[in-house]
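**Q** This is the structure, below, for whatever I ask next.
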Amino acid sequence: MSTAVESNAAETVVVMEQVEKWFGRLHVLRGVSLSVRRGERIVICGPSGSGKSTMIRCINGLELHDRGRIVVEGRELRDDPRLLRTIRQEVGMVFQSFNLFPHLTVLENCTLAPMKVRGLSREAAEARAMEYLARVHIADQARKYPAQLSGGQQQRVAIARALCMQPRLMLFDEPTSALDPEMVREVLDVMIELAESGTTMLCVTHEMGFAERVADRVIFMDRGEIIEEGPPAVFFNQPKSERLKLFLSQILHRA
Amino acid sequence: MAPAPSRPARPLASARERRAWLISASVTALLVLLIAWVAWRFLAWAVWHAVWSVPAGPDGAPNTDACRAALGEGACWAVIGEKYRFILFGFYPYAEQWRPALVVLLFIGLFAASLFRRFWHPSLFVVWAGALVFSAALMWGGFAGLPFVPADQWGGLPITLFLATVGLALAFPLAILAALARASRGLPLLKGLSILYIELIRGVPLISLLFMASVMLPLFLPPGIEIAKLLRAQIAFILFAGAYLAEVVRAGLAALPKGQYEAASALGLSYWQSMRHVILPQALRHTVPMLVNTFVGFFKDTSLVLVIGIYDVMTTARTAILEPRWQGFGIEVYLFLAVIYFAFCYSMAGASRRLESRSATPLAATEEPA
């Protein structure tokens with residue numbers, strides 16, 4: 001299946017083939033294969049320690065895979081700093097803990113990489129930053145420092161910061177897990193808007209409502225493997241494997 | 001306005017509370033008495049019974065009999081009045097001492113200016129570099145009608161300021177490079193070299209480094225090449241301070257959450273870009289108190305050059321009281337010296353507080369109105 005997708009490379013953003021990854025003796029990814037088409041919105045869920053974060057961190061080389069192949073925008077990932085920088089320019093990432101730069105203002109957070117990496121002028125970078133900050137509904141806070149914002153606001157800034165690089169693909173690593181419950185909504189709303197505008201997204205999250213609403217495909221991972229995947233309607237209503245049934249019963253019960 | 005609520009007058013409940021109060025009150029009273037007594041004795045010695053100046057004797061040299069008579073009773077500040085030029089400027093030709101004096105004022109002025117945020121601009125480095133070159137040129141002379149003064153006649157406070165300022169200015173970048181090398185994962189050879197450098201230097205006393213620089217280094221140099229003693233000492237200081245500062249910087253790097261490194265690389269920033277714009281600005285802000293601590297210690301450590309015969313302000317002070325006429329008045333000279341060192345070190349501590357209050361919270365750094 002993956003070869004068929006690969007031949008149509010322009011439409012394929014990411015291809016992972018039989019990716020293996022170890023942390024010391026811990027086998028965290030066991031033969032993961034996945035391909036992501038342009039515009040596709042994928043939600044990845046699974047119990048903690050199932051390797052879902054590691055998987056998306058392999059896509060922008062924050063973790064380097066040990067075996068298998070990962071191709072992002074036609075470039076195969078290798079341990080080569082220059083290649084990794086090129087790939088990372090095309091792959092935006094939003095972290096669980098926001099990871100905004102606390103010594104820079106919101107605006108500076110958003111203009112740093114476009115200026116230094118893309119070579120934009122300050123004016124162009126600031127104009128672009130204000131555009132994306134407006135898109136995440138936080139343009140009025142541009143001159144503040146991250147510490148002056150709430151968690152939900154910080155995460156929206158982090159999304160804008162990633163968007164300012166105008167990436168071909170956005171990775172979300174549990175973007176709402178560190179938020180107070182009342183702030184989850186505002187971040188999810190921004191992500192839904194983003195999804196509906198056609199952004200290619202890979203999203204590790206436990207927000208099943210979000211998955212049902214925007215995902216083209218939902219992927220269930222457990223113990224380093226992709227156990228099951230499918231469109232949300234099938235995924236949630238007719239789970240095949242026992243592990244997914246158990247997981248869904250736990251997570252939906254909790255929700 | 002409503003009266004401030006007063007604490008309810010409560011009788012001291014238990015015998016235990018009464019005893020505690022009694023002890024604390026008597027300790028306080030004793031301390032106050034002790035401090036008052038010490039202050040009284042000190043003032044009596046330093047002010048009321050002090051000899052402020054001495055007359056010239058028949059030979060034209062100062063007659064210190066008055067000081068001798070007051071020895072133990074009152075301070076002899078006359079020794080400072082007679083010797084301060086020598087303590088501050090050493091063997092620099094007397095008539096030319098306005099040059100080192102100007103250098104000292106230039107340094108103090110620049111240090112003071114460097115404290116103000118509105119002067120924090122890349123051009124400040126250029127100004128500093130220019131000032132250092134100008135100071136050295138002024139000290140040497142040999143141009144514009146200024147008589148040439150060889151470096152071995154320099155002495156006193158300019159030497160201390162040169163050693164400390166040039167030492168820190170060069171040790172700091174060295175420290176950052178060493179810390180980055182030591183914290184790096186990709187370059188084992190560079191990392192090994194950095195560890196070797198830091199641990200070797202930290203494992204040896206500064207005195208032995210200075211001896212090595214002054215005695216051993218010339219032995220290794222090819223014949224015909226000579227490096228001035230001051231420069232050799234300066235190199236030893238740079239290496240020494242660099243190793244200590246490197247460990248401070250490394251602590252700052254290690255204290256940053258991994259997410260900052262990850263966010264920077266995820267945006268496509270290169271190693272040097274993320275260090276320059278994301279990692280070091282934060283790591284260095286966190287370590288301001290420790291950095292300044294090292295600066296202050298290093299400033300005082302420059303006094304160790306006396307063991308290799310460089311006339312910094314500590315050495316000139318000791319030399320000043322070697323003269324038989326002034327022997328026995330070491331306390332006064334050392335107090336004068338202490339005031340000089342304190343003034344510089346306390347200013348550094350003050351600068352540290354300014355920096356901390358400006359960098360501890362990003363709120364305080366808001367320059368542009370929101």
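Every chain in the structure tokens has a letter given in the order shown (A, B, ...), and although residue numbers restart at 1 in each chain, ligands are simply numbered from 1 in the order shown.
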Show me a table, sorted first by chain and then by increasing residue number, of the residues of chain B having an atom at most 6 Å from chain A, each with its shortest atom pair and the distance in Å to one decimal, counting only C-alpha atoms and written as a tab-separated table.
**A**
residue	atom	partner	partner_atom	distance
B:Gly259	CA	A:Asn99	CA	5.5
B:Gln260	CA	A:Asn99	CA	5.7
B:Ala266	CA	A:Arg88	CA	5.6
B:Gly268	CA	A:Arg85	CA	4.7
B:Ala370	CA	A:Arg143	CA	5.3
**Q** Give me every alpha helix (DSSP H) residue in segment 78-230 of chain A, going by DSSP on the backbone, as JSON, numbers by chain.
**A** {"A": [81, 82, 83, 84, 85, 86, 87, 88, 89, 90, 106, 107, 108, 109, 110, 111, 112, 113, 114, 115, 116, 122, 123, 124, 125, 126, 127, 128, 129, 130, 131, 132, 133, 134, 135, 151, 152, 153, 154, 155, 156, 157, 158, 159, 160, 161, 162, 163, 181, 182, 183, 184, 185, 186, 187, 188, 189, 190, 191, 192, 193, 194, 195, 196, 208, 209, 210, 211, 212, 213, 214]}
**Q** In Å, rounded to a single decimal, give me how far atom CA of Pro100 of chain B is from atom CA of Phe119 of chain B.
**A**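 So the two atoms, atom CA of Phe119 of chain B and atom CA of Pro100 of chain B, lie 25.1 Å apart.
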**Q** Can you pull out every residue within 10 Å of Leu138 of chain B, counting only C-alpha atoms, but drop anything in the same chain fewer than 3 positions away, and send it as a short mmCIF file (atom, residue, chain, number, x, y, z; two decimals) with C-alpha atoms, in the first residue's frame?
**A**
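Everything below was put into out18.cif:
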data_model
loop_
_atom_site.label_atom_id
_atom_site.label_comp_id
_atom_site.auth_asym_id
_atom_site.auth_seq_id
_atom_site.Cartn_x
_atom_site.Cartn_y
_atom_site.Cartn_z
CA ARG B 99 47.71 59.04 32.96
CA PRO B 100 46.89 56.02 35.16
CA LEU B 102 42.66 59.01 33.84
CA VAL B 103 42.62 55.32 33.01
CA LEU B 132 41.02 49.27 26.62
CA VAL B 133 43.29 50.03 23.68
CA PHE B 134 43.29 53.73 24.52
CA SER B 135 44.10 52.98 28.17
CA GLY B 141 52.91 56.65 26.05
CA GLY B 142 55.68 57.31 23.56
CA PHE B 143 53.43 59.41 21.34
CA LEU B 146 54.02 61.55 26.27
CA PRO B 147 57.15 59.91 27.68
CA PHE B 148 57.32 56.16 27.18
CA VAL B 149 56.65 54.15 30.37
#
**Q** Within 6 Å of Gly39 of chain A, counting only C-alpha atoms, which residues show up once you throw out same-chain ones fewer than 3 positions away? Write them as a ChimeraX atom specification, please.
**A** /A:198-200
**Q** List the spatial neighbours of Phe86 of chain B as a ChimeraX atom specification - criterion: any atom at most 12 Å away, only C-alpha atoms, same-chain residues fewer than 3 positions off excluded.
**A** /B:79-83,89-94,97,100-101,153-157,311-321,333
**Q** With only C-alpha atoms as the counted atoms, please give the residues lying no more than 7 Å from Tyr132 of chain A, apart from itself and same-chain residues fewer than 3 positions off, as a list in words.
**A**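 Contacts, in chain order: Arg128, Ala129, Arg135, Val136, Ala160, Leu163 and Cys164 of chain A.
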**Q** I want to know what sits within 12 Å of segment 240-249 of chain A, based on only C-alpha atoms, with residues of the same chain fewer than 5 positions away left out; could you give that as a ChimeraX atom specification?
**A** /A:45-48,50,206-208,218-223,225-230,234-235,254-255
**Q** Could you please write out, as an MDAnalysis selection string, every residue of segment 25-188 of chain A that DSSP assigns to strand (DSSP E or B)?
**A** chainID A and resid 26:37 41:45 67:72 75:76 91:94 169:173
**Q** Using only C-alpha atoms, which residue out of B:Leu180, B:Val215, B:Ala236, B:Ala338 lies closest to Ile201 of chain B?
**A** B:Ala236
**Q** Please report the interatomic distance between atom CA of Arg67 of chain A and atom CA of Glu20 of chain A in Å with one decimal.
**A** 4.9 Å
**Q** Pick from A:Leu133, A:Met55, A:Leu202, A:Met183: nearest to Val36 of chain A, with only C-alpha atoms counted?
**A**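 Among A:Leu133, A:Met55, A:Leu202, A:Met183, it is A:Leu202 that comes nearest to Val36 of chain A.
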**Q** Give the answer as one residue: which of B:Asp152, B:Glu262, B:Asp59, B:Glu247 has the shortest atom-to-atom distance to Leu231 of chain B, using only C-alpha atoms?
**A** B:Asp152
